[in-house]
file query_21.txt (compact mmCIF, C-alpha atoms and all ligand atoms)
# COMPACT_ATOMS: atom_id res chain seq x y z
CA MET A 1 -24.35 -11.30 -12.74
CA GLU A 2 -22.07 -8.39 -13.58
CA ASN A 3 -19.50 -7.77 -10.85
CA ASN A 4 -17.10 -5.03 -11.88
CA LEU A 5 -15.34 -4.97 -8.55
CA PHE A 6 -14.62 -8.69 -8.73
CA GLU A 7 -13.16 -8.21 -12.22
CA LEU A 8 -10.85 -5.55 -10.81
CA ALA A 9 -10.01 -7.57 -7.69
CA ARG A 10 -9.10 -10.69 -9.61
CA LYS A 11 -6.79 -8.75 -11.94
CA ARG A 12 -4.97 -7.03 -9.10
CA ARG A 13 -1.72 -8.82 -8.41
CA SER A 14 1.36 -7.66 -6.57
CA VAL A 15 3.74 -6.12 -9.08
CA ARG A 16 7.34 -5.80 -7.95
CA LYS A 17 9.02 -4.87 -11.23
CA TYR A 18 8.22 -1.54 -12.79
CA ALA A 19 8.60 -0.31 -16.34
CA PRO A 20 9.86 3.23 -16.85
CA GLY A 21 7.16 5.81 -17.43
CA ARG A 22 5.74 8.75 -15.59
CA ILE A 23 2.21 8.37 -14.26
CA ASP A 24 0.09 11.49 -14.78
CA ASP A 25 -0.38 13.59 -11.66
CA GLU A 26 -4.11 13.44 -12.27
CA VAL A 27 -4.11 9.64 -12.09
CA ILE A 28 -2.22 9.73 -8.79
CA ASN A 29 -4.75 12.26 -7.47
CA GLU A 30 -7.66 10.03 -8.52
CA ILE A 31 -6.05 7.05 -6.78
CA MET A 32 -5.57 9.05 -3.59
CA LYS A 33 -9.21 10.16 -3.68
CA VAL A 34 -10.16 6.49 -3.45
CA ALA A 35 -7.90 6.06 -0.40
CA ALA A 36 -9.51 9.05 1.27
CA ALA A 37 -12.94 7.45 0.76
CA ALA A 38 -11.98 4.32 2.71
CA PRO A 39 -13.88 3.61 5.93
CA THR A 40 -12.12 4.35 9.21
CA SER A 41 -12.94 3.39 12.78
CA PHE A 42 -15.57 5.72 14.21
CA GLY A 43 -15.05 7.83 11.10
CA HIS A 44 -12.00 9.42 12.72
CA LYS A 45 -10.08 9.56 9.43
CA PRO A 46 -6.68 9.17 11.11
CA VAL A 47 -4.74 7.91 8.07
CA GLU A 48 -2.25 10.28 6.45
CA TYR A 49 -0.18 9.77 3.35
CA VAL A 50 3.04 11.13 1.95
CA VAL A 51 3.09 10.61 -1.80
CA VAL A 52 6.72 10.47 -2.90
CA ARG A 53 7.66 10.74 -6.57
CA ASP A 54 11.29 11.84 -6.30
CA LYS A 55 13.50 8.90 -7.35
CA GLU A 56 16.28 9.80 -4.97
CA VAL A 57 13.90 10.01 -2.01
CA ILE A 58 12.29 6.71 -3.04
CA GLU A 59 15.71 5.03 -2.88
CA ARG A 60 16.37 6.55 0.54
CA LEU A 61 13.00 5.31 1.77
CA GLY A 62 13.73 1.81 0.50
CA ALA A 63 16.99 1.80 2.45
CA CYS A 64 14.97 2.31 5.64
CA LYS A 65 13.88 -1.32 5.42
CA VAL A 66 17.07 -3.33 5.45
CA ARG A 67 15.46 -6.56 4.31
CA GLY A 68 13.48 -6.07 1.15
CA GLY A 69 13.04 -2.30 1.09
CA SER A 70 15.01 -1.89 -2.12
CA GLN A 71 12.12 -3.47 -4.03
CA ILE A 72 10.55 -0.01 -4.28
CA ASN A 73 13.42 1.22 -6.45
CA GLY A 74 12.08 1.79 -9.93
CA ALA A 75 8.55 2.60 -8.76
CA ASP A 76 7.19 5.88 -10.12
CA THR A 77 5.41 6.70 -6.87
CA VAL A 78 5.57 5.45 -3.32
CA VAL A 79 2.68 6.20 -1.01
CA VAL A 80 3.81 6.16 2.61
CA VAL A 81 0.80 5.24 4.74
CA MET A 82 0.81 6.38 8.35
CA VAL A 83 -1.64 6.86 11.19
CA LYS A 84 -1.78 9.36 14.03
CA THR A 85 -1.25 6.78 16.76
CA ALA A 86 -0.73 9.44 19.44
CA ASP A 87 -4.41 10.16 19.10
CA GLU A 88 -6.01 7.80 21.63
CA LYS A 89 -9.15 7.44 19.55
CA ALA A 90 -7.18 6.39 16.50
CA ALA A 91 -4.65 4.19 18.27
CA GLU A 92 -6.91 1.23 18.90
CA PHE A 93 -7.69 0.57 15.24
CA TRP A 94 -4.67 2.11 13.58
CA ILE A 95 -3.57 -1.02 11.74
CA GLU A 96 -7.04 -1.72 10.42
CA ASP A 97 -7.52 1.87 9.29
CA GLY A 98 -4.18 2.00 7.48
CA ALA A 99 -4.65 -1.44 5.94
CA ILE A 100 -8.09 -0.72 4.53
CA ALA A 101 -6.92 2.53 2.96
CA SER A 102 -3.94 0.69 1.46
CA ALA A 103 -6.18 -2.00 0.01
CA TYR A 104 -8.30 0.71 -1.60
CA ILE A 105 -5.15 2.14 -3.17
CA LEU A 106 -4.14 -1.28 -4.52
CA LEU A 107 -7.52 -1.70 -6.22
CA ALA A 108 -7.61 1.86 -7.52
CA VAL A 109 -4.17 1.36 -9.09
CA GLU A 110 -5.40 -1.69 -11.00
CA GLN A 111 -8.29 0.35 -12.35
CA TYR A 112 -5.72 2.46 -14.25
CA GLY A 113 -3.86 -0.62 -15.51
CA LEU A 114 -0.90 0.18 -13.30
CA GLY A 115 1.00 -2.11 -10.93
CA ALA A 116 1.45 -1.84 -7.19
CA CYS A 117 2.73 -3.71 -4.19
CA TRP A 118 2.25 -3.37 -0.45
CA VAL A 119 5.67 -3.15 1.20
CA HIS A 120 5.43 -3.76 4.89
CA ILE A 121 7.03 -1.35 7.36
CA ARG A 122 5.47 -1.95 10.79
CA ASN A 123 7.94 -3.81 13.07
CA ARG A 124 10.66 -3.71 10.42
CA MET A 125 14.20 -2.42 10.92
CA GLY A 126 16.39 0.12 9.21
CA ARG A 127 20.16 0.41 9.61
CA GLU A 128 20.17 2.63 12.70
CA ALA A 129 16.63 2.55 14.04
CA THR A 130 13.23 1.14 13.21
CA SER A 131 12.06 1.54 9.63
CA ASP A 132 9.26 3.76 10.92
CA GLU A 133 11.66 6.14 12.67
CA GLU A 134 14.02 6.37 9.72
CA ILE A 135 11.19 7.00 7.25
CA ARG A 136 9.61 9.70 9.40
CA ALA A 137 12.98 11.45 9.72
CA ILE A 138 13.40 11.58 5.94
CA LEU A 139 9.87 12.86 5.34
CA GLY A 140 9.70 15.30 8.24
CA VAL A 141 6.74 13.54 9.84
CA PRO A 142 6.04 14.93 13.31
CA ASP A 143 6.07 12.74 16.42
CA GLY A 144 2.85 10.92 17.12
CA TYR A 145 2.50 9.20 13.75
CA THR A 146 3.41 5.61 12.92
CA VAL A 147 4.14 4.30 9.43
CA LEU A 148 2.32 1.09 8.56
CA ASN A 149 3.47 0.42 5.02
CA PHE A 150 4.40 1.70 1.60
CA VAL A 151 2.35 1.19 -1.51
CA ALA A 152 4.76 1.27 -4.45
CA ILE A 153 3.11 2.16 -7.76
CA GLY A 154 4.37 2.11 -11.33
CA GLU A 155 3.80 0.96 -14.88
CA LYS A 156 3.73 -2.83 -14.81
CA GLY A 157 7.13 -4.34 -15.54
CA GLU A 158 5.87 -7.88 -15.11
CA GLU A 159 2.64 -9.53 -16.14
CA LYS A 160 0.78 -11.79 -13.76
CA SER A 161 -2.29 -13.85 -14.52
CA PRO A 162 -5.54 -12.60 -13.06
CA TYR A 163 -7.00 -14.94 -10.48
CA GLU A 164 -9.59 -17.41 -11.69
CA LEU A 165 -12.33 -18.48 -9.33
CA LYS A 166 -10.58 -21.85 -8.85
CA ASP A 167 -7.48 -20.03 -7.47
CA LEU A 168 -9.45 -18.33 -4.74
CA PRO A 169 -10.11 -19.78 -1.28
CA MET A 170 -13.86 -19.94 -1.76
CA GLN A 171 -13.93 -22.90 0.66
CA ASN A 172 -13.00 -20.45 3.45
CA ILE A 173 -16.37 -18.78 3.09
CA HIS A 174 -19.01 -20.31 5.30
CA PHE A 175 -22.69 -19.49 5.40
CA GLU A 176 -24.73 -19.56 8.56
CA LYS A 177 -22.35 -21.96 10.40
CA PHE A 178 -18.65 -22.73 10.14
C1 LIG A 201 -0.08 -7.10 5.22
C2 LIG A 201 0.70 -7.36 3.95
C3 LIG A 201 2.07 -7.21 3.96
C4 LIG A 201 2.80 -7.41 2.77
N1 LIG A 201 4.13 -7.14 2.77
C5 LIG A 201 4.81 -7.28 1.62
C6 LIG A 201 6.18 -6.91 1.57
O1 LIG A 201 6.75 -6.40 2.52
N2 LIG A 201 6.83 -7.09 0.39
C7 LIG A 201 6.20 -7.63 -0.73
O2 LIG A 201 6.84 -7.78 -1.75
N3 LIG A 201 4.89 -7.95 -0.70
C8 LIG A 201 4.19 -7.79 0.43
N4 LIG A 201 2.85 -8.06 0.45
C9 LIG A 201 2.19 -8.59 -0.76
C10 LIG A 201 1.88 -10.09 -0.61
O3 LIG A 201 3.09 -10.82 -0.62
C11 LIG A 201 0.96 -10.52 -1.78
O4 LIG A 201 -0.26 -9.81 -1.69
C12 LIG A 201 0.68 -12.01 -1.74
O5 LIG A 201 1.84 -12.74 -2.00
C13 LIG A 201 -0.40 -12.43 -2.75
O6 LIG A 201 -0.04 -12.05 -4.06
P1 LIG A 201 -0.97 -11.08 -4.92
O7 LIG A 201 -0.91 -9.72 -4.26
O8 LIG A 201 -0.38 -11.08 -6.30
O9 LIG A 201 -2.36 -11.62 -4.89
C14 LIG A 201 2.12 -7.83 1.60
C15 LIG A 201 0.73 -7.98 1.61
C16 LIG A 201 0.01 -7.71 2.76
C17 LIG A 201 -1.50 -7.80 2.72
call {"tool": "encode", "arguments": {"input": "query_21.txt", "output": "structure tokens"}}
result
Amino acid sequence: MENNLFELARKRRSVRKYAPGRIDDEVINEIMKVAAAAPTSFGHKPVEYVVVRDKEVIERLGACKVRGGSQINGADTVVVVMVKTADEKAAEFWIEDGAIASAYILLAVEQYGLGACWVHIRNRMGREATSDEEIRAILGVPDGYTVLNFVAIGEKGEEKSPYELKDLPMQNIHFEKF
């Protein structure tokens, strides 16, 4: 049976090395449309994004995560995913809401043959403060929002094999009873 989404999902791998090349603005807009279509708890739509394409700002953002943040250097675009946690309705499910939107971005990126990687930010440290605080200061994000992660996007600078069915934890899927 044809399963286009599985074909996309099995090809999607974390790409951490990026080739030079500017992604069209239109492609980035299409990818962000997919993120905006992600489900959110109670339909509150509390996830916000700052799409950063300025190389210098990308480097500064990477420096906000002391251990491992520099991996975003070389990406064409970094999507900073955040949620309005000050909003009581959004606070309960903020991680889930941000994570689902990020997963949508990762799949959408693969659809355009581009590479991406989730770079974790929640509970990570910068040089002077938490990664979240340092990132929000750079981007001018008002109080009341919390950054969950980055999704770094670029032309693939490394090739990874798509998953085959045998690579996937199909044994973790139980029907009717564990
Ligand atoms: C919640 C979460 C946090 C992650 N954090 C990072 C990270 O900080 N840096 C990184 O390089 N990859 C990160 N990843 C990517 C995983 O390492 C990657 O998905 C995993 O190794 C499987 O590889 P694949 O994406 O190629 O299937 C994260 C993924 C998830 C879902």
call {"tool": "residues_near_ligand", "arguments": {"input": "query_21.txt", "ligand": "ligand LIG 201 (chain A)", "cutoff": "6 Å", "atoms": "all atoms listed in the file", "output": "PyMOL selection string"}}
result
chain A and resi 13-14+117-120
call {"tool": "closest_residue", "arguments": {"input": "query_21.txt", "among": "A:Val50, A:Ala137, A:Ala9, A:Ala63", "to": "Leu168 in chain A", "atoms": "all atoms listed in the file"}}
result
A:Ala9
call {"tool": "residues_around", "arguments": {"input": "query_21.txt", "residues": "Val80 in chain A", "least_positions_apart": "6", "cutoff": "10 Å", "atoms": "all atoms listed in the file", "output": "list in words"}}
result
Glu48, Tyr49, Val50, Val51, Val52, Leu61, Ser102, Val119, Ile121, Ile135, Arg136, Leu139, Val147, Leu148, Asn149, Phe150, Val151 and Ala152 of chain A
call {"tool": "closest_residue", "arguments": {"input": "query_21.txt", "among": "A:Gly140, A:Gly62, A:Gly154, A:Pro162", "to": "Lys17 in chain A", "atoms": "only C-alpha atoms"}}
result
A:Gly154
call {"tool": "atom_distance", "arguments": {"input": "query_21.txt", "atom1": "CA of Arg124 in chain A", "atom2": "CA of Val83 in chain A"}}
result
16.2 Å
call {"tool": "residues_near_point", "arguments": {"input": "query_21.txt", "point": "(-5.7, 8.6, 2.6)", "cutoff": "10 Å", "atoms": "only C-alpha atoms", "output": "MDAnalysis selection string"}}
result
chainID A and resid 31:38 45:50 79:83 97:98 100:102 104:105
call {"tool": "atom_distance", "arguments": {"input": "query_21.txt", "atom1": "CA of Glu30 in chain A", "atom2": "CA of Ser131 in chain A"}}
result
28.1 Å
call {"tool": "atom_distance", "arguments": {"input": "query_21.txt", "atom1": "CA of Arg16 in chain A", "atom2": "CA of Glu158 in chain A"}}
result
7.6 Å
call {"tool": "closest_residue", "arguments": {"input": "query_21.txt", "among": "A:Arg60, A:Arg22, A:Lys65, A:Arg12", "to": "Arg127 in chain A", "atoms": "only C-alpha atoms"}}
result
A:Lys65
call {"tool": "closest_residue", "arguments": {"input": "query_21.txt", "among": "A:Asn3, A:Asn73, A:Ser41, A:Thr85", "to": "Tyr145 in chain A", "atoms": "all atoms listed in the file"}}
result
A:Thr85
call {"tool": "residues_around", "arguments": {"input": "query_21.txt", "residues": "Leu8 in chain A", "least_positions_apart": "2", "cutoff": "9 Å", "atoms": "all atoms listed in the file", "output": "compact mmCIF listing (two decimals) with C-alpha atoms, in the frame of the given file"}}
result
# COMPACT_ATOMS: atom_id res chain seq x y z
CA ASN A 3 -19.50 -7.77 -10.85
CA ASN A 4 -17.10 -5.03 -11.88
CA LEU A 5 -15.34 -4.97 -8.55
CA PHE A 6 -14.62 -8.69 -8.73
CA ARG A 10 -9.10 -10.69 -9.61
CA LYS A 11 -6.79 -8.75 -11.94
CA ARG A 12 -4.97 -7.03 -9.10
CA LEU A 107 -7.52 -1.70 -6.22
CA ALA A 108 -7.61 1.86 -7.52
CA GLU A 110 -5.40 -1.69 -11.00
CA GLN A 111 -8.29 0.35 -12.35
call {"tool": "residues_around", "arguments": {"input": "query_21.txt", "residues": "His44 in chain A", "least_positions_apart": "6", "cutoff": "10 Å", "atoms": "only C-alpha atoms", "output": "PyMOL selection string"}}
result
chain A and resi 87+89-90+97
call {"tool": "closest_residue", "arguments": {"input": "query_21.txt", "among": "A:Ile72, A:Leu165, A:Val141, A:Ala129", "to": "Val15 in chain A", "atoms": "all atoms listed in the file"}}
result
A:Ile72
call {"tool": "build_atoms", "arguments": {"input": "query_21.txt", "residues": "range 34-63 of chain A", "atoms": "N, CA and C atoms", "output": "PDB file, keeping the file's coordinate frame"}}
result
ATOM      1  N   VAL A  34      -9.568   7.781  -3.850  1.00  0.00           N
ATOM      2  CA  VAL A  34     -10.160   6.490  -3.450  1.00  0.00           C
ATOM      3  C   VAL A  34      -9.697   6.138  -2.025  1.00  0.00           C
ATOM      4  N   ALA A  35      -8.412   6.345  -1.754  1.00  0.00           N
ATOM      5  CA  ALA A  35      -7.900   6.060  -0.400  1.00  0.00           C
ATOM      6  C   ALA A  35      -8.650   6.896   0.638  1.00  0.00           C
ATOM      7  N   ALA A  36      -8.865   8.141   0.309  1.00  0.00           N
ATOM      8  CA  ALA A  36      -9.510   9.050   1.270  1.00  0.00           C
ATOM      9  C   ALA A  36     -10.970   8.663   1.524  1.00  0.00           C
ATOM     10  N   ALA A  37     -11.538   7.880   0.602  1.00  0.00           N
ATOM     11  CA  ALA A  37     -12.940   7.450   0.760  1.00  0.00           C
ATOM     12  C   ALA A  37     -13.062   6.156   1.545  1.00  0.00           C
ATOM     13  N   ALA A  38     -11.935   5.591   1.977  1.00  0.00           N
ATOM     14  CA  ALA A  38     -11.980   4.320   2.710  1.00  0.00           C
ATOM     15  C   ALA A  38     -12.633   4.517   4.087  1.00  0.00           C
ATOM     16  N   PRO A  39     -13.291   3.482   4.585  1.00  0.00           N
ATOM     17  CA  PRO A  39     -13.880   3.610   5.930  1.00  0.00           C
ATOM     18  C   PRO A  39     -12.779   3.643   6.990  1.00  0.00           C
ATOM     19  N   THR A  40     -13.057   4.344   8.083  1.00  0.00           N
ATOM     20  CA  THR A  40     -12.120   4.350   9.210  1.00  0.00           C
ATOM     21  C   THR A  40     -12.921   4.153  10.498  1.00  0.00           C
ATOM     22  N   SER A  41     -12.244   3.666  11.520  1.00  0.00           N
ATOM     23  CA  SER A  41     -12.940   3.390  12.780  1.00  0.00           C
ATOM     24  C   SER A  41     -13.568   4.670  13.327  1.00  0.00           C
ATOM     25  N   PHE A  42     -14.803   4.586  13.695  1.00  0.00           N
ATOM     26  CA  PHE A  42     -15.570   5.720  14.210  1.00  0.00           C
ATOM     27  C   PHE A  42     -15.584   6.913  13.261  1.00  0.00           C
ATOM     28  N   GLY A  43     -15.122   6.714  12.046  1.00  0.00           N
ATOM     29  CA  GLY A  43     -15.050   7.830  11.100  1.00  0.00           C
ATOM     30  C   GLY A  43     -14.031   8.879  11.498  1.00  0.00           C
ATOM     31  N   HIS A  44     -12.983   8.439  12.233  1.00  0.00           N
ATOM     32  CA  HIS A  44     -12.000   9.420  12.720  1.00  0.00           C
ATOM     33  C   HIS A  44     -11.052   9.927  11.636  1.00  0.00           C
ATOM     34  N   LYS A  45     -10.955   9.176  10.550  1.00  0.00           N
ATOM     35  CA  LYS A  45     -10.080   9.560   9.430  1.00  0.00           C
ATOM     36  C   LYS A  45      -8.649   9.861   9.895  1.00  0.00           C
ATOM     37  N   PRO A  46      -7.999   8.900  10.545  1.00  0.00           N
ATOM     38  CA  PRO A  46      -6.680   9.170  11.110  1.00  0.00           C
ATOM     39  C   PRO A  46      -5.514   8.829  10.171  1.00  0.00           C
ATOM     40  N   VAL A  47      -5.826   8.367   8.954  1.00  0.00           N
ATOM     41  CA  VAL A  47      -4.740   7.910   8.070  1.00  0.00           C
ATOM     42  C   VAL A  47      -4.204   9.105   7.283  1.00  0.00           C
ATOM     43  N   GLU A  48      -2.886   9.219   7.240  1.00  0.00           N
ATOM     44  CA  GLU A  48      -2.250  10.280   6.450  1.00  0.00           C
ATOM     45  C   GLU A  48      -1.279   9.635   5.478  1.00  0.00           C
ATOM     46  N   TYR A  49      -0.986  10.346   4.419  1.00  0.00           N
ATOM     47  CA  TYR A  49      -0.180   9.770   3.350  1.00  0.00           C
ATOM     48  C   TYR A  49       0.882  10.778   2.929  1.00  0.00           C
ATOM     49  N   VAL A  50       2.077  10.286   2.652  1.00  0.00           N
ATOM     50  CA  VAL A  50       3.040  11.130   1.950  1.00  0.00           C
ATOM     51  C   VAL A  50       3.275  10.443   0.603  1.00  0.00           C
ATOM     52  N   VAL A  51       2.942  11.151  -0.454  1.00  0.00           N
ATOM     53  CA  VAL A  51       3.090  10.610  -1.800  1.00  0.00           C
ATOM     54  C   VAL A  51       4.444  11.079  -2.327  1.00  0.00           C
ATOM     55  N   VAL A  52       5.339  10.131  -2.526  1.00  0.00           N
ATOM     56  CA  VAL A  52       6.720  10.470  -2.900  1.00  0.00           C
ATOM     57  C   VAL A  52       6.954  10.062  -4.350  1.00  0.00           C
ATOM     58  N   ARG A  53       7.442  11.029  -5.156  1.00  0.00           N
ATOM     59  CA  ARG A  53       7.660  10.740  -6.570  1.00  0.00           C
ATOM     60  C   ARG A  53       9.107  11.039  -6.983  1.00  0.00           C
ATOM     61  N   ASP A  54       9.885  11.501  -6.047  1.00  0.00           N
ATOM     62  CA  ASP A  54      11.290  11.840  -6.300  1.00  0.00           C
ATOM     63  C   ASP A  54      12.119  10.542  -6.193  1.00  0.00           C
ATOM     64  N   LYS A  55      12.774  10.185  -7.286  1.00  0.00           N
ATOM     65  CA  LYS A  55      13.500   8.900  -7.350  1.00  0.00           C
ATOM     66  C   LYS A  55      14.526   8.750  -6.233  1.00  0.00           C
ATOM     67  N   GLU A  56      15.220   9.865  -5.986  1.00  0.00           N
ATOM     68  CA  GLU A  56      16.280   9.800  -4.970  1.00  0.00           C
ATOM     69  C   GLU A  56      15.680   9.550  -3.588  1.00  0.00           C
ATOM     70  N   VAL A  57      14.560  10.212  -3.313  1.00  0.00           N
ATOM     71  CA  VAL A  57      13.900  10.010  -2.010  1.00  0.00           C
ATOM     72  C   VAL A  57      13.345   8.591  -1.918  1.00  0.00           C
ATOM     73  N   ILE A  58      12.806   8.084  -3.044  1.00  0.00           N
ATOM     74  CA  ILE A  58      12.290   6.710  -3.040  1.00  0.00           C
ATOM     75  C   ILE A  58      13.408   5.734  -2.670  1.00  0.00           C
ATOM     76  N   GLU A  59      14.594   5.935  -3.222  1.00  0.00           N
ATOM     77  CA  GLU A  59      15.710   5.030  -2.880  1.00  0.00           C
ATOM     78  C   GLU A  59      16.076   5.144  -1.405  1.00  0.00           C
ATOM     79  N   ARG A  60      16.049   6.369  -0.894  1.00  0.00           N
ATOM     80  CA  ARG A  60      16.370   6.550   0.540  1.00  0.00           C
ATOM     81  C   ARG A  60      15.317   5.886   1.414  1.00  0.00           C
ATOM     82  N   LEU A  61      14.066   5.961   0.998  1.00  0.00           N
ATOM     83  CA  LEU A  61      13.000   5.310   1.770  1.00  0.00           C
ATOM     84  C   LEU A  61      13.189   3.794   1.770  1.00  0.00           C
ATOM     85  N   GLY A  62      13.523   3.255   0.603  1.00  0.00           N
ATOM     86  CA  GLY A  62      13.730   1.810   0.500  1.00  0.00           C
ATOM     87  C   GLY A  62      14.830   1.338   1.436  1.00  0.00           C
ATOM     88  N   ALA A  63      15.857   2.154   1.591  1.00  0.00           N
ATOM     89  CA  ALA A  63      16.990   1.800   2.450  1.00  0.00           C
ATOM     90  C   ALA A  63      16.592   1.768   3.931  1.00  0.00           C
TER      91      ALA A  63
END
